[in-house]
Each structure stands twice: as structure tokens, then as C-alpha cells.
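start-v1.pdb (PDB, C-alpha atoms, pLDDT in the B column)
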```pdb
ATOM      1  CA  PRO A   1     -44.899 -24.445   5.653  1.00 88.00           C
ATOM      2  CA  LEU A   2     -45.785 -27.218   3.188  1.00 91.00           C
ATOM      3  CA  GLY A   3     -43.954 -25.435   0.374  1.00 91.00           C
ATOM      4  CA  ALA A   4     -40.871 -25.017   2.565  1.00 93.00           C
ATOM      5  CA  TRP A   5     -40.992 -28.733   3.423  1.00 95.00           C
ATOM      6  CA  VAL A   6     -41.270 -29.727  -0.269  1.00 95.00           C
ATOM      7  CA  LEU A   7     -38.301 -27.527  -1.166  1.00 96.00           C
ATOM      8  CA  ASP A   8     -36.213 -28.886   1.701  1.00 95.00           C
ATOM      9  CA  GLU A   9     -37.077 -32.518   0.874  1.00 94.00           C
ATOM     10  CA  THR A  10     -36.183 -31.972  -2.779  1.00 94.00           C
ATOM     11  CA  LEU A  11     -32.842 -30.410  -1.891  1.00 95.00           C
ATOM     12  CA  ARG A  12     -32.199 -33.097   0.744  1.00 94.00           C
ATOM     13  CA  GLN A  13     -32.685 -35.766  -1.930  1.00 92.00           C
ATOM     14  CA  ALA A  14     -30.442 -33.903  -4.392  1.00 91.00           C
ATOM     15  CA  ALA A  15     -27.736 -33.669  -1.711  1.00 91.00           C
ATOM     16  CA  SER A  16     -28.101 -37.380  -0.967  1.00 89.00           C
ATOM     17  CA  TRP A  17     -27.645 -38.278  -4.662  1.00 87.00           C
ATOM     18  CA  ARG A  18     -24.493 -36.169  -4.770  1.00 86.00           C
ATOM     19  CA  ARG A  19     -23.022 -37.800  -1.652  1.00 85.00           C
ATOM     20  CA  GLU A  20     -23.762 -41.260  -3.081  1.00 84.00           C
ATOM     21  CA  GLY A  21     -22.198 -40.367  -6.423  1.00 80.00           C
ATOM     22  CA  ARG A  22     -25.313 -41.362  -8.381  1.00 73.00           C
ATOM     23  CA  ARG A  23     -25.914 -40.317 -11.979  1.00 72.00           C
ATOM     24  CA  ALA A  24     -29.100 -38.693 -10.697  1.00 67.00           C
ATOM     25  CA  ALA A  25     -26.797 -36.160  -8.996  1.00 67.00           C
ATOM     26  CA  GLU A  26     -26.400 -34.549 -12.417  1.00 77.00           C
ATOM     27  CA  LEU A  27     -30.135 -33.812 -12.630  1.00 80.00           C
ATOM     28  CA  GLU A  28     -31.659 -30.408 -12.211  1.00 88.00           C
ATOM     29  CA  VAL A  29     -34.400 -30.592  -9.564  1.00 93.00           C
ATOM     30  CA  ALA A  30     -37.641 -28.688  -9.994  1.00 94.00           C
ATOM     31  CA  VAL A  31     -40.100 -27.468  -7.382  1.00 96.00           C
ATOM     32  CA  ASN A  32     -43.467 -25.846  -8.075  1.00 94.00           C
ATOM     33  CA  LEU A  33     -44.271 -22.584  -6.304  1.00 94.00           C
ATOM     34  CA  SER A  34     -47.828 -21.609  -5.486  1.00 90.00           C
ATOM     35  CA  THR A  35     -49.237 -18.114  -5.955  1.00 88.00           C
ATOM     36  CA  ARG A  36     -49.203 -17.697  -2.194  1.00 90.00           C
ATOM     37  CA  GLN A  37     -45.521 -18.659  -1.968  1.00 92.00           C
ATOM     38  CA  LEU A  38     -44.570 -16.348  -4.817  1.00 91.00           C
ATOM     39  CA  ASN A  39     -46.156 -13.413  -3.007  1.00 88.00           C
ATOM     40  CA  ASP A  40     -44.690 -14.333   0.398  1.00 91.00           C
ATOM     41  CA  PRO A  41     -41.956 -11.858   1.439  1.00 91.00           C
ATOM     42  CA  GLY A  42     -40.189 -14.735   3.196  1.00 94.00           C
ATOM     43  CA  LEU A  43     -39.812 -16.793   0.004  1.00 95.00           C
ATOM     44  CA  VAL A  44     -36.345 -15.621  -1.044  1.00 96.00           C
ATOM     45  CA  PRO A  45     -34.752 -15.992   2.406  1.00 96.00           C
ATOM     46  CA  MET A  46     -36.395 -19.434   2.749  1.00 96.00           C
ATOM     47  CA  VAL A  47     -34.953 -20.601  -0.607  1.00 97.00           C
ATOM     48  CA  GLU A  48     -31.554 -19.121   0.232  1.00 97.00           C
ATOM     49  CA  GLU A  49     -31.478 -20.847   3.618  1.00 96.00           C
ATOM     50  CA  ALA A  50     -32.581 -24.202   2.192  1.00 96.00           C
ATOM     51  CA  LEU A  51     -29.821 -24.062  -0.451  1.00 97.00           C
ATOM     52  CA  ARG A  52     -27.240 -23.136   2.184  1.00 97.00           C
ATOM     53  CA  LEU A  53     -28.390 -25.797   4.629  1.00 96.00           C
ATOM     54  CA  ARG A  54     -28.255 -28.581   2.006  1.00 95.00           C
ATOM     55  CA  ARG A  55     -25.097 -27.179   0.354  1.00 94.00           C
ATOM     56  CA  ILE A  56     -26.703 -27.235  -3.071  1.00 93.00           C
ATOM     57  CA  ASP A  57     -25.502 -25.115  -5.980  1.00 93.00           C
ATOM     58  CA  PRO A  58     -28.421 -22.773  -6.786  1.00 96.00           C
ATOM     59  CA  ALA A  59     -28.022 -23.599 -10.493  1.00 94.00           C
ATOM     60  CA  VAL A  60     -29.304 -27.127  -9.727  1.00 93.00           C
ATOM     61  CA  LEU A  61     -32.681 -25.784  -8.565  1.00 96.00           C
ATOM     62  CA  LEU A  62     -35.476 -24.839 -10.983  1.00 97.00           C
ATOM     63  CA  LEU A  63     -38.539 -23.147  -9.524  1.00 97.00           C
ATOM     64  CA  GLU A  64     -41.730 -23.488 -11.563  1.00 96.00           C
ATOM     65  CA  ILE A  65     -44.448 -20.855 -11.460  1.00 93.00           C
ATOM     66  CA  THR A  66     -47.752 -20.987 -13.330  1.00 87.00           C
ATOM     67  CA  GLU A  67     -48.857 -18.171 -15.609  1.00 83.00           C
ATOM     68  CA  THR A  68     -51.791 -17.560 -13.286  1.00 82.00           C
ATOM     69  CA  ALA A  69     -49.474 -17.089 -10.295  1.00 85.00           C
ATOM     70  CA  LEU A  70     -47.336 -14.631 -12.245  1.00 85.00           C
ATOM     71  CA  MET A  71     -50.306 -12.545 -13.270  1.00 82.00           C
ATOM     72  CA  ALA A  72     -51.964 -12.436  -9.828  1.00 83.00           C
ATOM     73  CA  ASP A  73     -49.611  -9.565  -8.893  1.00 85.00           C
ATOM     74  CA  PRO A  74     -47.086  -9.005 -11.696  1.00 85.00           C
ATOM     75  CA  GLY A  75     -45.151  -6.330  -9.814  1.00 88.00           C
ATOM     76  CA  ALA A  76     -44.635  -8.491  -6.739  1.00 88.00           C
ATOM     77  CA  ALA A  77     -43.875 -11.502  -8.950  1.00 90.00           C
ATOM     78  CA  LEU A  78     -41.210  -9.554 -10.814  1.00 92.00           C
ATOM     79  CA  GLU A  79     -39.599  -8.493  -7.543  1.00 93.00           C
ATOM     80  CA  SER A  80     -39.572 -12.056  -6.151  1.00 94.00           C
ATOM     81  CA  LEU A  81     -38.368 -13.613  -9.403  1.00 95.00           C
ATOM     82  CA  THR A  82     -35.577 -11.076  -9.755  1.00 96.00           C
ATOM     83  CA  ALA A  83     -34.394 -11.793  -6.206  1.00 96.00           C
ATOM     84  CA  LEU A  84     -34.561 -15.555  -6.847  1.00 97.00           C
ATOM     85  CA  LYS A  85     -32.682 -15.167 -10.126  1.00 97.00           C
ATOM     86  CA  ASN A  86     -30.015 -13.182  -8.261  1.00 97.00           C
ATOM     87  CA  LEU A  87     -29.575 -16.217  -5.995  1.00 97.00           C
ATOM     88  CA  GLY A  88     -28.737 -18.213  -9.121  1.00 97.00           C
ATOM     89  CA  VAL A  89     -31.762 -20.520  -9.299  1.00 97.00           C
ATOM     90  CA  GLY A  90     -33.507 -21.322 -12.576  1.00 97.00           C
ATOM     91  CA  LEU A  91     -37.056 -20.132 -13.194  1.00 97.00           C
ATOM     92  CA  ALA A  92     -39.754 -21.634 -15.406  1.00 96.00           C
ATOM     93  CA  VAL A  93     -43.268 -20.648 -16.419  1.00 92.00           C
ATOM     94  CA  ASP A  94     -45.244 -23.853 -15.928  1.00 89.00           C
ATOM     95  CA  ASP A  95     -48.374 -24.876 -17.886  1.00 83.00           C
ATOM     96  CA  PHE A  96     -47.712 -22.191 -20.480  1.00 84.00           C
ATOM     97  CA  GLY A  97     -50.662 -21.527 -22.750  1.00 73.00           C
ATOM     98  CA  THR A  98     -53.405 -22.190 -20.204  1.00 73.00           C
ATOM     99  CA  GLY A  99     -53.305 -18.898 -18.317  1.00 65.00           C
ATOM    100  CA  TYR A 100     -53.701 -15.320 -19.337  1.00 64.00           C
ATOM    101  CA  SER A 101     -50.176 -13.980 -19.303  1.00 62.00           C
ATOM    102  CA  SER A 102     -49.308 -10.782 -21.058  1.00 63.00           C
ATOM    103  CA  LEU A 103     -46.461 -11.147 -23.504  1.00 74.00           C
ATOM    104  CA  THR A 104     -45.177  -7.813 -22.221  1.00 71.00           C
ATOM    105  CA  TYR A 105     -44.640  -9.357 -18.795  1.00 73.00           C
ATOM    106  CA  LEU A 106     -43.252 -12.525 -20.281  1.00 75.00           C
ATOM    107  CA  LYS A 107     -40.259 -10.685 -21.661  1.00 79.00           C
ATOM    108  CA  LYS A 108     -39.791  -8.720 -18.411  1.00 85.00           C
ATOM    109  CA  PHE A 109     -39.749 -11.698 -16.045  1.00 91.00           C
ATOM    110  CA  PRO A 110     -36.239 -13.163 -15.517  1.00 94.00           C
ATOM    111  CA  ILE A 111     -37.238 -16.688 -16.527  1.00 94.00           C
ATOM    112  CA  ASP A 112     -35.229 -19.437 -18.200  1.00 96.00           C
ATOM    113  CA  GLU A 113     -37.856 -21.684 -19.738  1.00 94.00           C
ATOM    114  CA  LEU A 114     -41.450 -22.042 -20.872  1.00 94.00           C
ATOM    115  CA  LYS A 115     -43.098 -25.354 -20.093  1.00 94.00           C
ATOM    116  CA  ILE A 116     -45.783 -25.941 -22.726  1.00 93.00           C
ATOM    117  CA  ASP A 117     -48.906 -27.389 -21.150  1.00 90.00           C
ATOM    118  CA  ARG A 118     -49.690 -31.054 -21.726  1.00 92.00           C
ATOM    119  CA  SER A 119     -53.174 -30.228 -23.005  1.00 90.00           C
ATOM    120  CA  PHE A 120     -51.581 -29.053 -26.276  1.00 92.00           C
ATOM    121  CA  ILE A 121     -49.101 -31.930 -26.487  1.00 95.00           C
ATOM    122  CA  GLY A 122     -51.850 -34.574 -26.309  1.00 90.00           C
ATOM    123  CA  GLY A 123     -53.311 -33.460 -29.633  1.00 88.00           C
ATOM    124  CA  LEU A 124     -50.001 -32.764 -31.325  1.00 90.00           C
ATOM    125  CA  ASP A 125     -50.287 -35.669 -33.780  1.00 85.00           C
ATOM    126  CA  SER A 126     -53.982 -35.251 -34.577  1.00 88.00           C
ATOM    127  CA  ASP A 127     -55.009 -31.625 -34.108  1.00 89.00           C
ATOM    128  CA  LYS A 128     -53.608 -28.930 -36.399  1.00 92.00           C
ATOM    129  CA  GLY A 129     -54.598 -26.281 -33.878  1.00 92.00           C
ATOM    130  CA  ASP A 130     -52.593 -27.919 -31.099  1.00 91.00           C
ATOM    131  CA  ALA A 131     -49.621 -28.325 -33.446  1.00 94.00           C
ATOM    132  CA  ALA A 132     -49.809 -24.644 -34.397  1.00 95.00           C
ATOM    133  CA  ILE A 133     -49.992 -23.574 -30.745  1.00 93.00           C
ATOM    134  CA  VAL A 134     -47.061 -25.788 -29.734  1.00 95.00           C
ATOM    135  CA  GLY A 135     -44.974 -24.580 -32.676  1.00 96.00           C
ATOM    136  CA  SER A 136     -45.780 -20.969 -31.813  1.00 93.00           C
ATOM    137  CA  CYS A 137     -44.881 -21.498 -28.144  1.00 93.00           C
ATOM    138  CA  ILE A 138     -41.524 -23.011 -29.120  1.00 96.00           C
ATOM    139  CA  GLU A 139     -40.800 -20.142 -31.509  1.00 95.00           C
ATOM    140  CA  LEU A 140     -41.867 -17.582 -28.899  1.00 92.00           C
ATOM    141  CA  ALA A 141     -39.637 -19.149 -26.257  1.00 93.00           C
ATOM    142  CA  HIS A 142     -36.645 -19.159 -28.582  1.00 96.00           C
ATOM    143  CA  ALA A 143     -37.317 -15.624 -29.803  1.00 92.00           C
ATOM    144  CA  VAL A 144     -36.987 -14.282 -26.257  1.00 91.00           C
ATOM    145  CA  GLY A 145     -34.030 -16.523 -25.364  1.00 93.00           C
ATOM    146  CA  LEU A 146     -35.826 -19.200 -23.343  1.00 94.00           C
ATOM    147  CA  ARG A 147     -35.752 -22.996 -23.400  1.00 96.00           C
ATOM    148  CA  ALA A 148     -38.951 -24.616 -24.643  1.00 97.00           C
ATOM    149  CA  VAL A 149     -40.052 -27.664 -22.638  1.00 97.00           C
ATOM    150  CA  ALA A 150     -42.975 -29.917 -23.595  1.00 97.00           C
ATOM    151  CA  GLU A 151     -44.957 -31.454 -20.742  1.00 95.00           C
ATOM    152  CA  GLY A 152     -46.949 -34.664 -20.979  1.00 95.00           C
ATOM    153  CA  VAL A 153     -45.163 -36.388 -23.865  1.00 97.00           C
ATOM    154  CA  GLU A 154     -46.638 -39.877 -24.139  1.00 96.00           C
ATOM    155  CA  THR A 155     -45.792 -41.169 -27.625  1.00 95.00           C
ATOM    156  CA  SER A 156     -42.792 -41.453 -29.905  1.00 95.00           C
ATOM    157  CA  GLY A 157     -44.804 -39.556 -32.533  1.00 94.00           C
ATOM    158  CA  GLN A 158     -45.204 -36.589 -30.201  1.00 96.00           C
ATOM    159  CA  LEU A 159     -41.508 -36.668 -29.394  1.00 97.00           C
ATOM    160  CA  ARG A 160     -40.564 -36.836 -33.086  1.00 96.00           C
ATOM    161  CA  THR A 161     -42.824 -33.874 -33.893  1.00 96.00           C
ATOM    162  CA  LEU A 162     -41.405 -31.864 -30.993  1.00 97.00           C
ATOM    163  CA  LYS A 163     -37.858 -32.546 -32.172  1.00 97.00           C
ATOM    164  CA  GLU A 164     -38.812 -31.424 -35.677  1.00 96.00           C
ATOM    165  CA  MET A 165     -40.250 -28.234 -34.182  1.00 97.00           C
ATOM    166  CA  GLY A 166     -37.011 -27.568 -32.306  1.00 98.00           C
ATOM    167  CA  CYS A 167     -38.311 -28.156 -28.781  1.00 98.00           C
ATOM    168  CA  ASP A 168     -35.391 -28.155 -26.334  1.00 98.00           C
ATOM    169  CA  LEU A 169     -36.613 -30.611 -23.685  1.00 96.00           C
ATOM    170  CA  ALA A 170     -39.549 -32.927 -23.081  1.00 96.00           C
ATOM    171  CA  GLN A 171     -40.971 -34.774 -20.134  1.00 95.00           C
ATOM    172  CA  GLY A 172     -43.734 -37.303 -19.712  1.00 95.00           C
ATOM    173  CA  TYR A 173     -44.744 -40.944 -19.520  1.00 94.00           C
ATOM    174  CA  HIS A 174     -43.070 -41.689 -22.860  1.00 95.00           C
ATOM    175  CA  PHE A 175     -39.793 -41.619 -20.933  1.00 92.00           C
ATOM    176  CA  THR A 176     -40.927 -43.082 -17.597  1.00 89.00           C
ATOM    177  CA  ARG A 177     -43.654 -42.899 -15.017  1.00 88.00           C
ATOM    178  CA  PRO A 178     -42.708 -41.051 -11.822  1.00 85.00           C
ATOM    179  CA  LEU A 179     -40.122 -43.043  -9.899  1.00 80.00           C
ATOM    180  CA  PRO A 180     -39.241 -43.154  -6.220  1.00 80.00           C
ATOM    181  CA  ALA A 181     -35.832 -41.642  -5.492  1.00 77.00           C
ATOM    182  CA  PRO A 182     -34.030 -44.971  -4.820  1.00 72.00           C
ATOM    183  CA  LEU A 183     -34.747 -46.131  -8.396  1.00 64.00           C
ATOM    184  CA  LEU A 184     -33.044 -43.125  -9.967  1.00 64.00           C
ATOM    185  CA  LYS A 185     -29.548 -44.392 -10.548  1.00 59.00           C
TER     186      LYS A 185
END
```
Take the structure in the file and give it back as C-alpha cells.
Amino acid sequence: PLGAWVLDETLRQAASWRREGRRAAELEVAVNLSTRQLNDPGLVPMVEEALRLRRIDPAVLLLEITETALMADPGAALESLTALKNLGVGLAVDDFGTGYSSLTYLKKFPIDELKIDRSFIGGLDSDKGDAAIVGSCIELAHAVGLRAVAEGVETSGQLRTLKEMGCDLAQGYHFTRPLPAPLLK
């Protein structure tokens, strides 16, 4: 029930931004899914109903799933993700690099982006190992046709390095701290 509430609140806010004509209406909204939600047979109908109720284009919604959640039951995850993808929502593997995903499954899952875990981004400027891992994650994402997203970017140096590596998107405190919805104009 909590996951359904979070999804509905996110879509309600996205619908509100659209009605108000705010620039934030152009944003993709992301919602994390838990392992339990991913394996719930009611997940796809719940997402479909929430999108219909709020009159939101499915392409605006990105659902984020951790590597650990994907690998808990890869067969069930593949079935759920395929059904969600057929709805038109975006799918991301969150915290990539911290779990134990099989690269075989990575190419089979119908995902759109890999979100590189912040633990590697923090050492990007000072740790050659972190830089090598981040660079490899970006190359891997691109090699299989996915967007590479860096989480936890806090400095202009990290951002510069990520741009040089070809990272597609970045998020973190370097841009802004989390903001309440009314401040997103």
C-alpha cells in the first residue's frame, strides 16, 4: 500500500505541474520499486490504473529497481519489467555496481538506464579504482544501448570527469538539494 501511495502522489504532483503549466511539467518523474513490489502480481495493474487515473503519459514515469531486487527472482522480474515496458514506462537499474547482477540478465531486462551508485562517484576525482569502475559502467551502459546516469554528484570536478567519460545524465547535490514541489518552477 505504501508503494501504491508513493506512485499515486508522484503522478498527482506531475499532473498538477502540467495543469499549472510549470516548467517542471517537462520533467520525467522517478519512483523506486521495492523487491516486494516487483514480485507483486498486482504491480502492473496498479501502475496502469495510477497512470490512467492521473492522465499521465507513461513515458513520463521512470521506475527504478535495484540490482538486488532484480536478482531476487530474475524470471519474475523479467515478466514484470516486460509488462511495465509494454505500458510505456521507463525502467532503470538503480545503485548499479553495488549488487550482484549477472551481465547476462542485464542485457535481457527491458531497461532504459543504469544509475551508477554514488559510492563510486564520491571517489571519482581521487581514486583510480572508482574512476575505472565508473568509466566501465558508462561504457557498458552504452554498449547495450542504455543511458548512463551518475548518482550523488557533489562537485564540479566530478561533473567535468563524468562529461569527459560520456555520462548521459547526472544527479546530486551539485545541482540542488531535494526541493519541495512548490519550489520547482
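Across the structure, CA of Glu26 (chain A) and CA of Ala143 (chain A) are spaced 27.9 Å apart.
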I'd like the residues picked by the PyMOL selection byres ((chain A and resi 84-96) around 8) written out as a ChimeraX atom specification, using the chain letters and numbers from the file. /A:44,48,58-67,80-83,97-99,110-118,151
Quick one: distance from CA of Leu7 (chain A) to CA of Ala50 (chain A) in Å, one decimal? 7.4 Å
Please provide the set of residues having any atom within 10 Å of Ala141 (chain A), restricted to all atoms listed in the file, with same-chain residues fewer than 2 positions apart removed, written as a PyMOL selection string. chain A and resi 106-107+112-116+135-139+143-149+167-168
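If you measure from each of A:Ser34, A:Asp40, A:Phe120, A:Arg19 to Arg55 (chain A) using all atoms listed in the file, the closest one turns out to be A:Arg19.
Every protein, DNA or RNA residue with an atom at most 12 Å from Thr104 (chain A), where all atoms listed in the file count and chain neighbours fewer than 4 positions away do not, is listed here: A:Met71, A:Pro74, A:Tyr100, A:Lys108, A:Phe109, A:Val144.
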Could you write out the selected residues, including C-alpha atoms, as a short mmCIF file (atom, residue, chain, number, x, y, z; two decimals), in the frame of the given file?
```
data_model
loop_
_atom_site.label_atom_id
_atom_site.label_comp_id
_atom_site.auth_asym_id
_atom_site.auth_seq_id
_atom_site.Cartn_x
_atom_site.Cartn_y
_atom_site.Cartn_z
CA MET A 71 -50.31 -12.54 -13.27
CA PRO A 74 -47.09 -9.01 -11.70
CA TYR A 100 -53.70 -15.32 -19.34
CA LYS A 108 -39.79 -8.72 -18.41
CA PHE A 109 -39.75 -11.70 -16.05
CA VAL A 144 -36.99 -14.28 -26.26
#
```
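Taking CA of Gly122 (chain A) as the reference point, CA of Tyr173 (chain A) is found at 11.7 Å.
With only C-alpha atoms as the basis for measurement, A:Ala181 is the residue among A:Val47, A:Ala181, A:Ala77, A:Ala69 that approaches Trp17 (chain A) most closely.
Between Leu27 (chain A) and the residues A:Thr10, A:Leu78, A:Leu43, A:Gly3, the shortest atom-to-atom distance, using all atoms listed in the file, involves A:Thr10.
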Which one of A:Gly172, A:Ala76, A:Glu20, A:Gln13 sits closest to Arg36 (chain A) if you count all atoms listed in the file? A:Ala76
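If all atoms listed in the file are the atoms counted, then among A:Ile121, A:Pro178, A:Lys163, A:Lys128 the closest residue to Ala150 (chain A) is A:Ile121.
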